[in-house]
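Heads up, the thing below is written out as structure tokens.
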Amino acid sequence: MYFAAISIVRGLLLLTLLLAWIAGNKASALLYSGTEAELNRRARKLITWAVYLSLCSAGVVAGIILLITNTDPVFWRDRLLIPPLLIIPMLMIWLAAYPRLRRIRQATMRKTDSPLDVRLLSRASQAALVAPYQFVALGSLTGMYWTFTTTVPFEMLNGTIPLVVLIVAGMALWLSHVNRSSRVSLTGSMLMNRPWMRLMRRSAITLVVLALGSIPFYSGLQASRLPDTIAMADGPMDNGTGSTLAHHHSGAIAATVSADAETTQEISVDSLTGPAEGTPDITYTLTAEKKTVKLASGRTVEAWTYNGQIPGPELRMRKGQLVEIKLINKDITEGVTLHWHGLDVPNAEDGVAGATQNAVMPGETYTYRFVAEQVGSFWYHSHQDSKEAVQKGLFGSLVVEPEGGMPPETKDITVMTHIWEDRGVAIGDNDGIQHIEIKPGTPVRLRLTNTDDWVRQSYKLLGAKFQVAAIDGTDLHEPSDLEKVSLDLLTGGRYDVTFIMPETPVTLSVNQGGKLGIVMSPDGKGDLPEHVPSMPVFDPTHYGTPAPTPFDANSHFDREFTMVLDNQLGFYNGKLTFNYTINGKVFPNTPMFMVSEGELVKTTIVNRGAVDHPMHLHGHHMLVLSRNGETVTGSPWWTDTLDVAPGEVYEVAFKADNPGLWMDHCHNLAHAAVGMTMHLMYEGVTSPYTVGSATHNHPE
């Protein structure tokens, strides 16, 4: 509803602007009607234009009312500024311009070819007749500007500057028309109709406005350029509501004081490592290198790879095992890291360039050590130049099995979907139909992972009833049977799907009926259905049954935050663009949510923007408490990558039990690359790492 309402408002504002611009020009040219008949006709048409503008303006107001009646105040409070911008000039049209137009029509009812006398000329040039039409254009332009620039929290500067410009422009227009009308009254004759002169005057005014506007425009471009070096522990702090802590810092060194004013021992992220001693239970070596790789169809991809394959090798381990993974960068000039998406490792092992380590440059190595504490489906990828790195192939599957391993009879299938450059969608390196032979009665587990930016990937399983057994690596409690339900995932999200293999084929289609997917059958043969029917999308809010959790919606939270996601026309790093903002800002001005170890933290996430944002918090799993005001009543829903669609409001909570400096960002990595990223910061934690153009670190 939110997206539809705001789209109606923006669309009708644009239409109102175009119509008002045309009507304003026609009203300004009314004076140049050569005869009574022409003046009568033009006056009648201007009344019709007033009707058109009234309908469009009413539509805008209706869209705002739709927002007010169907969404929370955070979605419309600042947009209450828009209706007066249209209502006031529309009242001027009907209370001032329309009576004058009606008198002109009455005075020219004969519709003769007689030239206009001074009385008619004076009426046709009055400011009260002409200016209101142009005021509608100014109001709709200002309204459009507001819808694309205001964010929450609302900044008065964003509202007052365009309002001042609107008032000044309106006064200038009014005085211009008063002056023209005075000249008509004094001379007693029609002013010469010189369209080319009017065009030259308007062009000159436009050039002056552009010249004046270029000064703040250029200043804004320059001010938005990112610093050469940014300390990741340096930034604006948000202490939320709840207990108070102070966190004073300068550069990479921070002095912190706790709520009770006792000095807190500083801890560098470098010390928050996994076990440094002990023989690892399992080891891997991953070599990052550029390579030409073949897809199953025979087509080739120029990829960035781990161990020369796409995706990288699947890393499997068991809960409680000490894992050691050695990363070697052979020739990725941009640098690489390894981030364990969804696996809550110690902070120093998180693999974020500029936050927990420096990027691993060509010829360098880096070793990660951690104990796998969770069971579930995860994935790994480089967190250095992440947008390009993941797009080109620096990712792979990571599976943590139970301590005793997976049941031996289970058919365990990893399904990682990815769009390869110029080659389209594939499941791993398989860009067609994959056939798998499975005996009837076999338990099957599909681990679905979507790796792509900007893509809501839809997976449709046909031929058997199934359960969504886990979300983002956490099992659901008593999941029930599903069928004919679309499993949709945004970037980084995972579903584990389980079913018992029947005696007939089971198919998994991925967004392209009959072209991409997996056919599972007793004989390893079969086809995907050519046409997959439309299906409702799976909603975890009421799926499964309740189970005990360490905390819930009724718990006392030590700290509460609000995270508002939005779009804003503005500057970023020397460019004018539509920014993806968090609380009205882009990195490095986004807030750091400050917490103390042991606190119970609640965050309300609001998406006021026009696109989906899969918000990924590193190092923690969030318990979803409610969605759009509906309490989660099914299985406890734990997530690390939450898909927040336009107009949605989520309440989530987590225990601050993993100290460090943690990224919290949109996993549409194209959004993170242009500033939609922030941090969760623990009291007393410092980081020696920096990002910026003067460093090799670009985590995105």
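All residue names refer to the structure tokens as shown: chains lettered A, B, ... in order, residues numbered from 1 in each chain, ligands numbered from 1 in order.
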Using only C-alpha atoms, which protein or nucleic acid residues come within 12 Å of A:Ser57? Drop anything in the same chain fewer than 4 positions from it, and give the result as number ranges by chain. A: 8-17, 19-20, 50-53, 61-64, 82-91, 136-137, 139-140, 143
Mind writing the picked residues with N, CA and C atoms as a compact mmCIF listing (two decimals), in the first residue's frame?
# COMPACT_ATOMS: atom_id res chain seq x y z
N ILE A 8 1.56 7.06 -6.48
CA ILE A 8 0.45 7.91 -6.95
C ILE A 8 0.78 9.38 -6.70
N VAL A 9 1.26 9.68 -5.50
CA VAL A 9 1.59 11.07 -5.16
C VAL A 9 2.65 11.62 -6.11
N ARG A 10 3.72 10.87 -6.32
CA ARG A 10 4.80 11.36 -7.17
C ARG A 10 4.36 11.47 -8.62
N GLY A 11 3.62 10.46 -9.10
CA GLY A 11 3.16 10.50 -10.48
C GLY A 11 2.23 11.67 -10.76
N LEU A 12 1.29 11.90 -9.84
CA LEU A 12 0.34 12.99 -10.04
C LEU A 12 0.99 14.35 -9.82
N LEU A 13 2.00 14.43 -8.97
CA LEU A 13 2.74 15.69 -8.83
C LEU A 13 3.44 16.04 -10.14
N LEU A 14 4.04 15.03 -10.77
CA LEU A 14 4.69 15.26 -12.06
C LEU A 14 3.68 15.68 -13.12
N LEU A 15 2.52 15.00 -13.16
CA LEU A 15 1.48 15.36 -14.13
C LEU A 15 0.96 16.76 -13.86
N THR A 16 0.75 17.09 -12.59
CA THR A 16 0.29 18.44 -12.23
C THR A 16 1.30 19.49 -12.66
N LEU A 17 2.57 19.21 -12.47
CA LEU A 17 3.62 20.15 -12.88
C LEU A 17 3.56 20.40 -14.39
N LEU A 19 1.00 19.90 -16.52
CA LEU A 19 -0.23 20.58 -16.90
C LEU A 19 -0.23 22.03 -16.45
N ALA A 20 0.26 22.29 -15.25
CA ALA A 20 0.29 23.66 -14.75
C ALA A 20 1.26 24.52 -15.54
N ALA A 50 -8.25 24.53 -15.51
CA ALA A 50 -8.42 24.61 -14.06
C ALA A 50 -9.06 23.33 -13.51
N VAL A 51 -10.01 22.77 -14.29
CA VAL A 51 -10.64 21.52 -13.89
C VAL A 51 -9.61 20.39 -13.88
N TYR A 52 -8.77 20.31 -14.94
CA TYR A 52 -7.72 19.28 -15.00
C TYR A 52 -6.78 19.38 -13.79
N LEU A 53 -6.37 20.61 -13.50
CA LEU A 53 -5.45 20.81 -12.38
C LEU A 53 -6.10 20.45 -11.05
N VAL A 61 -3.70 14.85 -3.06
CA VAL A 61 -4.20 14.90 -1.69
C VAL A 61 -4.77 13.54 -1.29
N ALA A 62 -5.46 12.87 -2.22
CA ALA A 62 -6.01 11.54 -1.93
C ALA A 62 -4.89 10.55 -1.64
N GLY A 63 -3.77 10.66 -2.40
CA GLY A 63 -2.64 9.78 -2.14
C GLY A 63 -2.06 9.99 -0.75
N ILE A 64 -1.99 11.26 -0.32
CA ILE A 64 -1.49 11.55 1.02
C ILE A 64 -2.46 10.99 2.07
N ILE A 82 2.97 18.77 1.65
CA ILE A 82 2.67 18.84 0.22
C ILE A 82 1.28 19.37 -0.09
N PRO A 83 0.18 18.89 0.55
CA PRO A 83 -1.15 19.39 0.16
C PRO A 83 -1.30 20.90 0.16
N PRO A 84 -0.79 21.65 1.17
CA PRO A 84 -0.96 23.11 1.10
C PRO A 84 -0.30 23.74 -0.13
N LEU A 85 0.75 23.11 -0.64
CA LEU A 85 1.43 23.65 -1.82
C LEU A 85 0.53 23.64 -3.04
N LEU A 86 -0.47 22.75 -3.05
CA LEU A 86 -1.40 22.68 -4.18
C LEU A 86 -2.75 23.30 -3.84
N ILE A 87 -3.19 23.09 -2.61
CA ILE A 87 -4.52 23.59 -2.23
C ILE A 87 -4.57 25.11 -2.29
N ILE A 88 -3.53 25.79 -1.78
CA ILE A 88 -3.55 27.27 -1.76
C ILE A 88 -3.61 27.85 -3.17
N PRO A 89 -2.72 27.45 -4.12
CA PRO A 89 -2.83 28.02 -5.46
C PRO A 89 -4.11 27.59 -6.19
N MET A 90 -4.62 26.37 -5.90
CA MET A 90 -5.88 25.97 -6.53
C MET A 90 -7.03 26.84 -6.03
N LEU A 91 -7.03 27.19 -4.74
CA LEU A 91 -8.05 28.12 -4.24
C LEU A 91 -7.92 29.48 -4.91
N VAL A 136 0.62 26.96 -9.18
CA VAL A 136 0.39 25.52 -9.10
C VAL A 136 1.63 24.76 -9.59
N ALA A 137 2.23 25.26 -10.67
CA ALA A 137 3.46 24.62 -11.18
C ALA A 137 4.57 24.70 -10.14
N GLY A 139 4.22 25.03 -6.88
CA GLY A 139 3.87 24.18 -5.75
C GLY A 139 4.12 22.71 -6.02
N SER A 140 3.74 22.23 -7.22
CA SER A 140 3.94 20.82 -7.54
C SER A 140 5.43 20.50 -7.68
N GLY A 143 6.71 20.24 -4.21
CA GLY A 143 6.24 18.98 -3.63
C GLY A 143 7.03 17.79 -4.12
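Around A:Pro548, within 10 Å and counting only C-alpha atoms, the residues found are A:His477, A:Pro546, A:Pro550, A:Phe551, A:Asp552, A:Ser635, A:Pro636, once anything fewer than 2 positions away on its own chain is removed.
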Put those residues in a file: C-alpha atoms, as a short mmCIF file (atom, residue, chain, number, x, y, z; two decimals), in the first residue's frame.
data_model
loop_
_atom_site.label_atom_id
_atom_site.label_comp_id
_atom_site.auth_asym_id
_atom_site.auth_seq_id
_atom_site.Cartn_x
_atom_site.Cartn_y
_atom_site.Cartn_z
CA HIS A 477 10.05 -25.23 15.30
CA PRO A 546 5.86 -21.29 19.17
CA PRO A 550 15.69 -16.23 25.62
CA PHE A 551 13.55 -13.09 25.20
CA ASP A 552 10.41 -12.00 23.37
CA SER A 635 8.00 -20.61 15.18
CA PRO A 636 10.66 -18.28 16.56
#
Determine, counting only C-alpha atoms, which protein, DNA and RNA residues have an atom within 12 Å of an atom of A:Lys45; residues of the same chain fewer than 2 positions away are not included. Present the result as an mmCIF file with C-alpha atoms, in the first residue's frame.
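Saved the output as around-v6.cif:
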data_model
loop_
_atom_site.group_PDB
_atom_site.id
_atom_site.type_symbol
_atom_site.label_atom_id
_atom_site.label_comp_id
_atom_site.auth_asym_id
_atom_site.auth_seq_id
_atom_site.Cartn_x
_atom_site.Cartn_y
_atom_site.Cartn_z
ATOM 1 C CA ILE A 22 1.203 24.486 -20.000
ATOM 2 C CA ALA A 23 -1.766 26.220 -18.370
ATOM 3 C CA LYS A 26 -1.598 29.822 -21.846
ATOM 4 C CA ALA A 27 -2.766 32.175 -19.090
ATOM 5 C CA LEU A 30 -4.230 35.348 -22.858
ATOM 6 C CA GLU A 38 -10.250 34.320 -29.668
ATOM 7 C CA LEU A 39 -10.204 35.760 -26.140
ATOM 8 C CA ASN A 40 -13.516 34.031 -25.389
ATOM 9 C CA ARG A 41 -12.218 30.708 -26.655
ATOM 10 C CA ARG A 42 -8.963 30.959 -24.716
ATOM 11 C CA ALA A 43 -10.751 31.941 -21.504
ATOM 12 C CA ILE A 47 -11.399 27.141 -17.166
ATOM 13 C CA THR A 48 -11.081 23.590 -18.520
ATOM 14 C CA TRP A 49 -7.401 23.560 -17.577
ATOM 15 C CA ALA A 50 -8.425 24.610 -14.061
ATOM 16 C CA VAL A 51 -10.642 21.523 -13.890
ATOM 17 C CA TYR A 52 -7.725 19.284 -14.996
ATOM 18 C CA TYR A 98 -12.037 31.863 -12.388
ATOM 19 C CA LEU A 101 -12.248 34.437 -16.675
ATOM 20 C CA ARG A 102 -16.030 34.218 -16.349
ATOM 21 C CA ARG A 105 -16.368 35.355 -21.296
#
How many Å lie between atom CA of A:Asp453 and atom CA of A:Met144, rounded to one decimal? 28.1 Å
For A:Leu272: contacts at 7 Å, only C-alpha atoms, fewer than 6 positions along chain excluded, given as a VMD selection string: chain A and resid 346 to 348
Quick one: everything within 10 Å of A:Pro280, counting only C-alpha atoms, minus sequence neighbours fewer than 4 positions away in the same chain. Send it as a PyMOL selection string. chain A and resi 275-276+321-325+369-371
Would you put the residues from that selection into a file with C-alpha atoms, as a PDB file, in the first residue's frame?
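Output file part03.pdb follows:
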ATOM      1  CA  PRO A 275      41.331 -19.882  19.541  1.00  0.00           C
ATOM      2  CA  ALA A 276      44.979 -19.132  18.752  1.00  0.00           C
ATOM      3  CA  GLN A 321      34.983 -28.151  15.476  1.00  0.00           C
ATOM      4  CA  LEU A 322      37.963 -25.808  15.425  1.00  0.00           C
ATOM      5  CA  VAL A 323      38.300 -24.641  11.843  1.00  0.00           C
ATOM      6  CA  GLU A 324      41.366 -23.069  10.227  1.00  0.00           C
ATOM      7  CA  ILE A 325      41.071 -21.501   6.790  1.00  0.00           C
ATOM      8  CA  ARG A 369      40.484 -19.610  13.058  1.00  0.00           C
ATOM      9  CA  PHE A 370      37.153 -20.088  14.790  1.00  0.00           C
ATOM     10  CA  VAL A 371      34.942 -22.700  16.403  1.00  0.00           C
TER      11      VAL A 371
END
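Counting only C-alpha atoms and comparing A:Leu166, A:Val336, A:Leu569, A:Ile6, the residue that lies closest to A:Gly59 is A:Ile6.
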With DSSP run on the backbone, what are the alpha helix (DSSP H) residues within stretch 333-578 of chain A? I'd like them as a PyMOL selection string. chain A and resi 386-392
So that I have them on file, write out the residues from the current selection with N, CA and C atoms, as a PDB file, in the first residue's frame.
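Contents of out_2.pdb, as written:
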ATOM      1  N   SER A 386      33.105  -5.449  -2.237  1.00  0.00           N
ATOM      2  CA  SER A 386      32.165  -6.571  -2.198  1.00  0.00           C
ATOM      3  C   SER A 386      31.258  -6.645  -3.419  1.00  0.00           C
ATOM      4  N   LYS A 387      30.768  -5.496  -3.870  1.00  0.00           N
ATOM      5  CA  LYS A 387      29.839  -5.504  -5.002  1.00  0.00           C
ATOM      6  C   LYS A 387      30.459  -6.210  -6.198  1.00  0.00           C
ATOM      7  N   GLU A 388      31.666  -5.809  -6.567  1.00  0.00           N
ATOM      8  CA  GLU A 388      32.324  -6.413  -7.727  1.00  0.00           C
ATOM      9  C   GLU A 388      32.814  -7.821  -7.426  1.00  0.00           C
ATOM     10  N   ALA A 389      33.351  -8.016  -6.218  1.00  0.00           N
ATOM     11  CA  ALA A 389      33.932  -9.315  -5.879  1.00  0.00           C
ATOM     12  C   ALA A 389      32.893 -10.431  -5.910  1.00  0.00           C
ATOM     13  N   VAL A 390      31.732 -10.186  -5.287  1.00  0.00           N
ATOM     14  CA  VAL A 390      30.686 -11.214  -5.271  1.00  0.00           C
ATOM     15  C   VAL A 390      30.105 -11.396  -6.664  1.00  0.00           C
ATOM     16  N   GLN A 391      29.895 -10.303  -7.357  1.00  0.00           N
ATOM     17  CA  GLN A 391      29.349 -10.392  -8.710  1.00  0.00           C
ATOM     18  C   GLN A 391      30.236 -11.250  -9.609  1.00  0.00           C
ATOM     19  N   LYS A 392      31.555 -11.151  -9.451  1.00  0.00           N
ATOM     20  CA  LYS A 392      32.480 -11.872 -10.316  1.00  0.00           C
ATOM     21  C   LYS A 392      32.777 -13.286  -9.839  1.00  0.00           C
TER      22      LYS A 392
END
If we count only C-alpha atoms, what is near A:Leu120 at a cut-off of 9 Å, once residues fewer than 6 positions away on the same chain are taken out, given as a ChimeraX atom specification? /A:31,36,39,104,107-108
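Nearest-residue note for A:Gly634: choosing from A:Phe148, A:Trp94, A:Tyr543, A:Phe154, the minimum distance belongs to A:Tyr543, counting only C-alpha atoms.
Nearest residue to A:Gly424, choosing from A:Thr283, A:Thr604, A:Ser486, A:Asn511 and counting only C-alpha atoms: A:Asn511.
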Using only C-alpha atoms, which residue out of A:His613, A:Lys585, A:Arg100, A:His542 lies closest to A:Pro479? A:His542
